[in-house]
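Content type compact mmCIF, C-alpha atoms and all ligand atoms, from the file protein-v1.txt:
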# COMPACT_ATOMS: atom_id res chain seq x y z
CA MET A 1 10.37 26.14 12.26
CA ARG A 2 7.68 27.08 9.77
CA ILE A 3 4.26 26.01 11.00
CA ILE A 4 1.77 24.58 8.50
CA ASP A 5 -1.54 25.10 10.27
CA LEU A 6 -4.27 22.90 8.79
CA ARG A 7 -6.50 22.86 11.90
CA SER A 8 -9.07 25.18 10.34
CA ASP A 9 -9.59 27.96 7.82
CA THR A 10 -10.43 30.11 10.87
CA VAL A 11 -6.66 30.53 11.44
CA THR A 12 -6.31 32.75 8.35
CA LYS A 13 -4.82 36.16 9.05
CA PRO A 14 -5.95 39.41 7.39
CA THR A 15 -4.32 40.24 4.05
CA PRO A 16 -2.24 43.42 3.63
CA ALA A 17 -5.20 44.98 1.73
CA MET A 18 -7.46 44.19 4.71
CA ARG A 19 -5.07 45.78 7.19
CA LYS A 20 -4.92 48.91 5.05
CA ALA A 21 -8.71 49.05 4.69
CA MET A 22 -9.10 48.58 8.45
CA MET A 23 -6.73 51.41 9.19
CA GLU A 24 -8.51 53.77 6.82
CA ALA A 25 -12.09 52.71 7.62
CA GLU A 26 -14.70 55.43 8.08
CA VAL A 27 -16.64 54.60 11.22
CA GLY A 28 -19.70 55.62 13.24
CA ASP A 29 -21.92 54.13 15.93
CA ASP A 30 -23.44 50.99 14.42
CA VAL A 31 -26.02 50.59 17.21
CA PHE A 32 -27.47 53.85 15.80
CA GLY A 33 -27.04 52.34 12.32
CA GLU A 34 -24.48 55.06 11.59
CA ASP A 35 -21.33 53.16 10.69
CA PRO A 36 -20.92 53.76 6.94
CA THR A 37 -18.49 50.86 6.52
CA VAL A 38 -20.76 48.37 8.29
CA ASN A 39 -23.67 49.65 6.21
CA ARG A 40 -21.66 49.18 3.02
CA LEU A 41 -20.67 45.63 3.98
CA GLN A 42 -24.28 44.78 4.81
CA GLU A 43 -25.54 46.18 1.48
CA MET A 44 -22.87 44.28 -0.40
CA ALA A 45 -23.65 41.04 1.40
CA ALA A 46 -27.41 41.36 0.86
CA ASP A 47 -26.79 42.06 -2.81
CA MET A 48 -24.45 39.08 -3.26
CA MET A 49 -26.95 36.75 -1.55
CA GLY A 50 -29.95 38.21 -3.40
CA LYS A 51 -31.68 39.11 -0.12
CA GLU A 52 -33.36 42.35 1.00
CA ALA A 53 -31.14 43.07 3.98
CA ALA A 54 -28.14 41.91 6.00
CA LEU A 55 -26.69 42.19 9.49
CA PHE A 56 -23.01 42.10 10.50
CA VAL A 57 -22.52 39.79 13.50
CA THR A 58 -19.56 38.77 15.61
CA SER A 59 -19.32 35.12 14.54
CA GLY A 60 -20.97 32.24 12.74
CA THR A 61 -22.32 30.98 16.05
CA GLN A 62 -23.94 34.34 16.76
CA GLY A 63 -25.31 34.49 13.22
CA ASN A 64 -27.00 31.12 13.58
CA LEU A 65 -28.34 31.95 17.04
CA VAL A 66 -29.79 35.35 16.08
CA SER A 67 -31.41 33.71 13.05
CA ILE A 68 -32.99 31.00 15.21
CA LEU A 69 -34.16 33.62 17.74
CA ALA A 70 -35.62 35.73 14.94
CA HIS A 71 -37.53 32.80 13.40
CA CYS A 72 -38.65 31.00 16.59
CA GLN A 73 -40.39 31.65 19.90
CA ARG A 74 -39.65 29.76 23.13
CA GLY A 75 -41.18 26.28 22.91
CA ASP A 76 -40.86 26.12 19.13
CA GLU A 77 -38.92 23.35 17.43
CA ALA A 78 -36.10 23.48 14.87
CA ILE A 79 -35.21 20.47 12.71
CA VAL A 80 -31.42 19.99 12.53
CA GLY A 81 -28.91 17.37 11.42
CA ASP A 82 -27.11 15.37 14.09
CA LEU A 83 -23.75 16.38 12.60
CA SER A 84 -24.66 20.03 12.04
CA HIS A 85 -22.62 22.80 13.59
CA THR A 86 -25.74 24.35 15.13
CA TYR A 87 -26.52 21.11 16.96
CA HIS A 88 -23.02 19.80 17.60
CA TYR A 89 -20.71 22.76 18.19
CA GLU A 90 -22.80 25.67 19.50
CA GLN A 91 -23.37 24.59 23.09
CA GLY A 92 -26.99 23.88 22.30
CA GLY A 93 -27.45 27.67 22.14
CA MET A 94 -30.91 27.37 20.59
CA ALA A 95 -32.12 25.53 23.72
CA GLN A 96 -29.83 27.21 26.23
CA VAL A 97 -30.61 30.76 25.20
CA GLY A 98 -33.71 30.58 23.04
CA GLY A 99 -35.81 27.82 24.64
CA VAL A 100 -35.99 26.28 21.15
CA HIS A 101 -36.22 22.50 21.04
CA PRO A 102 -33.95 20.76 18.52
CA ARG A 103 -35.51 17.89 16.55
CA VAL A 104 -32.48 15.94 15.45
CA LEU A 105 -32.35 13.88 12.26
CA PRO A 106 -29.38 11.89 10.95
CA ASN A 107 -27.19 13.64 8.39
CA ALA A 108 -26.35 11.52 5.34
CA VAL A 109 -22.67 11.37 4.44
CA ASP A 110 -23.21 14.10 1.81
CA GLY A 111 -24.53 16.51 4.45
CA THR A 112 -28.17 16.24 3.41
CA LEU A 113 -31.19 15.29 5.52
CA ASP A 114 -33.62 12.77 4.06
CA LEU A 115 -36.57 14.94 3.05
CA GLU A 116 -39.12 12.21 3.77
CA GLN A 117 -37.76 12.08 7.30
CA VAL A 118 -37.92 15.87 7.50
CA GLU A 119 -41.55 15.88 6.42
CA ALA A 120 -42.39 13.08 8.87
CA ALA A 121 -40.71 15.00 11.71
CA ILE A 122 -42.90 18.09 11.25
CA ARG A 123 -45.37 18.18 14.12
CA PRO A 124 -49.12 18.29 13.66
CA ASN A 125 -50.98 21.00 15.56
CA ASN A 126 -51.53 19.30 18.91
CA VAL A 127 -51.33 20.63 22.47
CA HIS A 128 -48.78 17.93 23.38
CA PHE A 129 -46.20 18.99 20.81
CA PRO A 130 -43.80 21.89 20.30
CA ARG A 131 -44.49 23.88 17.14
CA SER A 132 -42.23 23.03 14.19
CA ARG A 133 -40.94 26.40 12.96
CA LEU A 134 -37.58 26.02 11.32
CA LEU A 135 -35.45 23.70 9.20
CA ILE A 136 -31.69 24.28 9.31
CA LEU A 137 -29.28 23.10 6.60
CA GLU A 138 -25.50 23.52 6.52
CA ASN A 139 -23.59 24.35 3.32
CA THR A 140 -20.82 23.30 2.99
CA HIS A 141 -21.28 20.65 5.63
CA ASN A 142 -18.33 20.79 7.99
CA ARG A 143 -18.56 17.36 9.67
CA CYS A 144 -19.76 15.69 6.45
CA PHE A 145 -16.42 16.06 4.65
CA GLY A 146 -17.06 19.66 3.66
CA ALA A 147 -19.81 18.51 1.30
CA PRO A 148 -21.46 21.19 -0.88
CA LEU A 149 -25.26 20.83 -0.98
CA PRO A 150 -26.54 21.44 -4.54
CA PRO A 151 -29.27 23.97 -5.46
CA ASP A 152 -31.82 21.29 -6.43
CA TYR A 153 -31.67 19.69 -3.00
CA ILE A 154 -31.99 23.04 -1.25
CA ARG A 155 -35.01 23.92 -3.38
CA GLN A 156 -36.68 20.60 -2.50
CA ALA A 157 -35.90 21.04 1.21
CA ALA A 158 -37.35 24.58 1.12
CA ASP A 159 -40.49 23.27 -0.59
CA VAL A 160 -41.04 20.72 2.19
CA ALA A 161 -40.46 23.33 4.88
CA HIS A 162 -42.62 26.01 3.28
CA ARG A 163 -45.47 23.62 2.51
CA HIS A 164 -45.81 23.12 6.27
CA GLY A 165 -45.25 26.74 7.30
CA LEU A 166 -41.63 26.28 8.44
CA LYS A 167 -38.80 28.65 7.51
CA LEU A 168 -35.47 27.48 6.09
CA HIS A 169 -32.21 28.78 7.54
CA ILE A 170 -28.88 27.94 5.91
CA ASP A 171 -25.74 27.87 8.02
CA GLY A 172 -23.60 28.93 5.11
CA ALA A 173 -20.42 29.50 7.07
CA ARG A 174 -18.62 28.28 3.93
CA ILE A 175 -21.34 29.01 1.35
CA PHE A 176 -18.83 30.53 -1.10
CA ASN A 177 -16.83 27.28 -1.01
CA ALA A 178 -20.05 25.49 -1.97
CA ALA A 179 -20.78 27.92 -4.81
CA ILE A 180 -17.25 27.64 -6.21
CA ALA A 181 -17.17 23.84 -5.92
CA LEU A 182 -20.55 23.49 -7.64
CA GLY A 183 -19.85 26.19 -10.22
CA VAL A 184 -23.05 28.08 -9.40
CA ASP A 185 -23.86 31.63 -8.34
CA VAL A 186 -24.14 31.81 -4.58
CA LYS A 187 -27.56 33.50 -5.07
CA ASP A 188 -28.90 30.29 -6.61
CA LEU A 189 -27.79 28.32 -3.56
CA VAL A 190 -29.56 30.54 -1.06
CA ALA A 191 -32.56 31.76 -3.09
CA PRO A 192 -34.99 29.21 -1.58
CA ALA A 193 -33.85 29.98 1.99
CA ASP A 194 -35.52 32.48 4.30
CA SER A 195 -32.18 33.31 5.93
CA VAL A 196 -28.50 32.54 5.54
CA THR A 197 -25.44 33.13 7.68
CA PHE A 198 -22.02 33.20 6.06
CA CYS A 199 -18.58 33.74 7.60
CA LEU A 200 -16.00 36.32 6.60
CA SER A 201 -13.46 34.91 9.04
CA LYS A 202 -12.92 31.45 7.52
CA GLY A 203 -11.66 30.89 3.96
CA LEU A 204 -12.34 34.54 3.11
CA SER A 205 -9.61 35.43 5.64
CA ALA A 206 -11.13 38.43 7.42
CA PRO A 207 -10.10 38.57 11.08
CA VAL A 208 -13.61 38.65 12.59
CA GLY A 209 -17.25 38.47 11.62
CA SER A 210 -20.12 36.86 9.82
CA VAL A 211 -23.18 38.21 8.03
CA VAL A 212 -26.84 37.17 8.31
CA CYS A 213 -29.07 37.85 5.30
CA GLY A 214 -32.84 37.71 4.79
CA THR A 215 -35.92 39.90 4.47
CA LYS A 216 -35.97 43.42 6.01
CA GLU A 217 -38.46 42.24 8.61
CA PHE A 218 -36.34 39.22 9.56
CA ILE A 219 -33.19 41.35 9.82
CA GLU A 220 -34.97 43.78 12.18
CA GLU A 221 -35.76 40.83 14.47
CA ALA A 222 -32.19 39.52 14.11
CA ARG A 223 -30.88 42.99 15.06
CA ARG A 224 -32.90 42.87 18.30
CA ALA A 225 -31.59 39.38 19.03
CA ARG A 226 -28.01 40.49 18.34
CA LYS A 227 -28.40 43.37 20.79
CA VAL A 228 -29.60 41.20 23.67
CA LEU A 229 -26.68 38.83 23.04
CA GLY A 230 -24.29 41.76 23.48
CA GLY A 231 -23.48 41.92 19.79
CA GLY A 232 -24.14 45.63 19.20
CA MET A 233 -20.59 46.61 18.23
CA ARG A 234 -20.42 50.44 17.90
CA GLN A 235 -17.50 51.46 15.58
CA ALA A 236 -17.45 48.03 13.95
CA GLY A 237 -16.46 49.55 10.61
CA VAL A 238 -12.87 48.83 11.62
CA ILE A 239 -13.54 45.12 11.18
CA ALA A 240 -16.28 45.40 8.55
CA ALA A 241 -13.68 47.04 6.29
CA ALA A 242 -11.76 43.76 6.19
CA GLY A 243 -15.04 41.99 5.36
CA ILE A 244 -15.52 44.22 2.31
CA VAL A 245 -12.05 43.28 1.06
CA ALA A 246 -12.89 39.62 1.77
CA LEU A 247 -16.00 39.79 -0.43
CA THR A 248 -14.23 41.76 -3.16
CA GLU A 249 -10.91 39.93 -3.39
CA MET A 250 -11.04 36.59 -1.64
CA VAL A 251 -13.97 34.63 -3.06
CA ASP A 252 -12.58 33.37 -6.37
CA ARG A 253 -9.30 32.19 -4.85
CA LEU A 254 -11.18 29.57 -2.78
CA ALA A 255 -10.71 27.33 -5.84
CA GLU A 256 -6.99 27.16 -4.93
CA ASP A 257 -7.91 25.83 -1.48
CA HIS A 258 -10.07 23.16 -3.10
CA ALA A 259 -7.21 22.13 -5.42
CA ASN A 260 -4.85 21.92 -2.44
CA ALA A 261 -7.36 19.83 -0.48
CA ARG A 262 -7.56 17.47 -3.47
CA ARG A 263 -3.73 17.27 -3.57
CA LEU A 264 -3.64 16.56 0.15
CA ALA A 265 -6.34 13.88 -0.05
CA ASP A 266 -4.69 12.12 -3.00
CA GLY A 267 -1.34 12.19 -1.16
CA LEU A 268 -2.84 10.88 2.07
CA ALA A 269 -4.43 7.98 0.15
CA GLN A 270 -0.89 6.79 -0.71
CA ILE A 271 0.28 6.66 2.92
CA PRO A 272 0.15 3.23 4.61
CA GLY A 273 -2.08 3.19 7.71
CA ILE A 274 -4.38 5.94 6.44
CA GLU A 275 -7.91 5.38 5.18
CA ILE A 276 -9.53 8.18 3.25
CA ARG A 277 -12.54 8.53 0.98
CA THR A 278 -11.00 10.81 -1.60
CA ASP A 279 -14.31 10.81 -3.49
CA PHE A 280 -15.86 12.76 -0.60
CA VAL A 281 -13.39 15.65 -0.97
CA HIS A 282 -14.97 18.50 -2.96
CA THR A 283 -14.05 21.65 -1.05
CA ASN A 284 -11.34 22.68 1.45
CA ILE A 285 -12.04 20.14 4.23
CA VAL A 286 -10.29 16.78 4.35
CA TYR A 287 -11.02 14.02 6.87
CA PHE A 288 -9.00 10.83 7.17
CA ASP A 289 -8.79 7.87 9.53
CA VAL A 290 -5.69 6.44 11.15
CA VAL A 291 -5.86 2.62 11.02
CA ASN A 292 -2.34 1.50 11.95
CA GLY A 293 -3.01 1.16 15.68
CA MET A 294 -2.06 4.75 16.53
CA SER A 295 -4.70 7.17 17.77
CA ALA A 296 -5.65 10.37 15.98
CA ALA A 297 -4.39 12.30 19.00
CA GLU A 298 -1.01 10.57 18.83
CA VAL A 299 -0.62 11.30 15.12
CA THR A 300 -1.59 14.97 15.46
CA GLU A 301 0.74 15.36 18.47
CA ARG A 302 3.70 13.95 16.54
CA ALA A 303 2.87 15.96 13.43
CA ARG A 304 2.64 19.09 15.58
CA ALA A 305 6.16 18.48 16.88
CA ALA A 306 7.27 18.50 13.22
CA GLY A 307 5.38 21.73 12.46
CA VAL A 308 2.13 20.40 10.95
CA LEU A 309 -1.06 21.21 12.85
CA MET A 310 -4.27 19.23 12.31
CA LEU A 311 -7.38 18.55 14.38
CA PRO A 312 -8.30 15.15 15.83
CA THR A 313 -12.12 14.94 15.59
CA GLY A 314 -12.59 11.36 16.79
CA PRO A 315 -10.49 8.52 18.24
CA GLN A 316 -9.19 7.63 14.77
CA ARG A 317 -10.32 10.63 12.70
CA ILE A 318 -8.31 13.71 11.77
CA ARG A 319 -9.42 16.89 9.99
CA ALA A 320 -7.14 19.01 7.81
CA VAL A 321 -8.40 22.23 6.21
CA THR A 322 -6.73 24.18 3.41
CA HIS A 323 -6.89 27.96 3.24
CA TYR A 324 -5.24 31.26 2.26
CA GLY A 325 -1.56 31.09 3.20
CA ILE A 326 -1.27 27.36 2.48
CA GLU A 327 0.49 26.78 -0.83
CA GLU A 328 1.04 23.71 -2.97
CA GLY A 329 4.55 23.31 -1.50
CA ASP A 330 3.10 23.30 2.03
CA ILE A 331 0.87 20.39 1.08
CA GLU A 332 3.90 18.41 -0.14
CA GLU A 333 5.72 19.25 3.08
CA ALA A 334 2.73 18.29 5.24
CA LEU A 335 2.45 14.99 3.37
CA ASP A 336 6.14 14.27 4.04
CA VAL A 337 5.63 14.92 7.75
CA ILE A 338 2.47 12.79 7.97
CA ARG A 339 4.13 9.97 6.00
CA HIS A 340 7.08 10.05 8.41
CA VAL A 341 4.80 10.06 11.48
CA MET A 342 2.75 7.15 10.14
CA THR A 343 5.67 4.99 9.11
CA SER A 344 8.00 5.57 12.08
CA ALA A 345 5.55 4.40 14.77
N1 LIG B 401 -16.45 25.92 12.75
C1 LIG B 401 -15.15 25.79 13.40
C2 LIG B 401 -15.29 25.00 14.68
O1 LIG B 401 -16.29 25.53 15.48
C3 LIG B 401 -15.56 23.56 14.48
C4 LIG B 401 -14.20 25.13 12.44
O2 LIG B 401 -12.99 25.16 12.74
O3 LIG B 401 -14.63 24.58 11.42
N2 LIG B 401 -21.05 26.94 11.08
C5 LIG B 401 -20.11 26.11 10.60
C6 LIG B 401 -20.47 25.14 9.52
C7 LIG B 401 -18.80 26.15 11.11
O4 LIG B 401 -17.90 25.30 10.64
C8 LIG B 401 -18.49 27.08 12.11
C9 LIG B 401 -17.11 27.15 12.72
C10 LIG B 401 -19.50 27.94 12.58
C11 LIG B 401 -20.77 27.83 12.04
C12 LIG B 401 -19.27 28.92 13.70
O5 LIG B 401 -18.47 29.97 13.33
P1 LIG B 401 -17.70 30.83 14.46
O6 LIG B 401 -16.49 30.04 14.83
O7 LIG B 401 -17.41 32.10 13.74
O8 LIG B 401 -18.65 31.01 15.60

Starting from the file, lay out its structure as structure tokens.
Ligand code: TLP
Amino acid sequence: MRIIDLRSDTVTKPTPAMRKAMMEAEVGDDVFGEDPTVNRLQEMAADMMGKEAALFVTSGTQGNLVSILAHCQRGDEAIVGDLSHTYHYEQGGMAQVGGVHPRVLPNAVDGTLDLEQVEAAIRPNNVHFPRSRLLILENTHNRCFGAPLPPDYIRQAADVAHRHGLKLHIDGARIFNAAIALGVDVKDLVAPADSVTFCLSKGLSAPVGSVVCGTKEFIEEARRARKVLGGGMRQAGVIAAAGIVALTEMVDRLAEDHANARRLADGLAQIPGIEIRTDFVHTNIVYFDVVNGMSAAEVTERARAAGVLMLPTGPQRIRAVTHYGIEEGDIEEALDVIRHVMTSA
């Protein structure tokens, strides 16, 4: 049985060009800064993001954590959204590892934070309070329907942060999806930010890795933080090589994933027992609710038995993500399976 795996874009496998590049990669010891392939990937990433420097890290989670550790001291505070990956899905790493206190504000449905609330949450200098040091935004916003945050909003958020001496970090795990969906250069999306993490291992289909970008000084701090977290990877050129192919060949095709997500959302809207806000779908992430008395877990279990994998993210809510390897025909097939599951309860 052919499996249509819509659980995440993290399930993407390396392309033939990536496997070839990995096999042929020139390598060296990256802890000495001597892996030419890692260095090339980092230069490329910094250039694409319009930042001075970049650092190859093991994962998006590590990228966010090293960024937080580089910006903050123990006892500092970071302002985050309640639905953000850094707050919701990273084991509270900022507190657990960094002693950084999260100040949690509600995410709006479009992934933004209300900037008046952000400004009000910034602490005055007072011995009772932690020091507000960092604002974190997520683009696209995973739990907010994959929403892309536009450049104007990011600029305004950065202005608020900078006015009060805070830095802005963007968890841009899917920043290229945001750029493609908004039709802007990725540089314009991250220009106001002091640091950005983006993932090679999601829609860009590389097997492993993320990149953190920022000033030279910030990247030096991030490199120290990566080392203490066990992220100094030696001959990492073997995996960085796939990252170079990802940045060269896999960015523009993300538009296909967005078109397939749109197809999926429009199809789901026609299925009885499903509620979906198709107007929220702008990138490759689709959420829908099951309202026919079945649970999300039941629906995903039955769909799995028929070869379609999706992720239940709440009692009634299911996430489906489109990516490289999922074609238009797969969407039609997945819709048939979901329709059958929903109507044969
Ligand atoms: N997200 C994964 C799961 O952890 C939920 C997924 O399947 O979507 N930032 C954002 C916005 C993310 O969505 C993710 C991964 C990360 C960071 C962490 O990346 P990794 O998995 O490489 O640590």

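Between atom CA of A:Gly267 and atom CA of A:Gly314 the interatomic distance comes to 21.2 Å.
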
How would you write, as JSON, numbers by chain, the set of residues no farther than 10 Å from ligand LIG 401 (chain B) when counting only C-alpha atoms and all ligand atoms?
{"A": [6, 7, 8, 9, 10, 11, 57, 58, 59, 60, 61, 62, 63, 64, 65, 83, 84, 85, 86, 87, 88, 89, 90, 137, 138, 139, 140, 141, 142, 143, 144, 146, 170, 171, 172, 173, 174, 175, 197, 198, 199, 200, 201, 202, 208, 209, 210, 285, 311, 313, 319, 320, 321]}

Computed gap from atom CA of A:Leu229 to atom CA of A:Gly99 is 14.4 Å

Around (-32.6, 27.6, 21.1) in the file's own coordinates, what residues are found within 9 Å if you use all atoms listed in the file, given back as a VMD selection string?
chain A and resid 65 68 to 69 72 to 78 92 to 102

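In this model, the gap between atom CA of A:Arg103 and atom CA of A:Ala121 comes to 7.7 Å.
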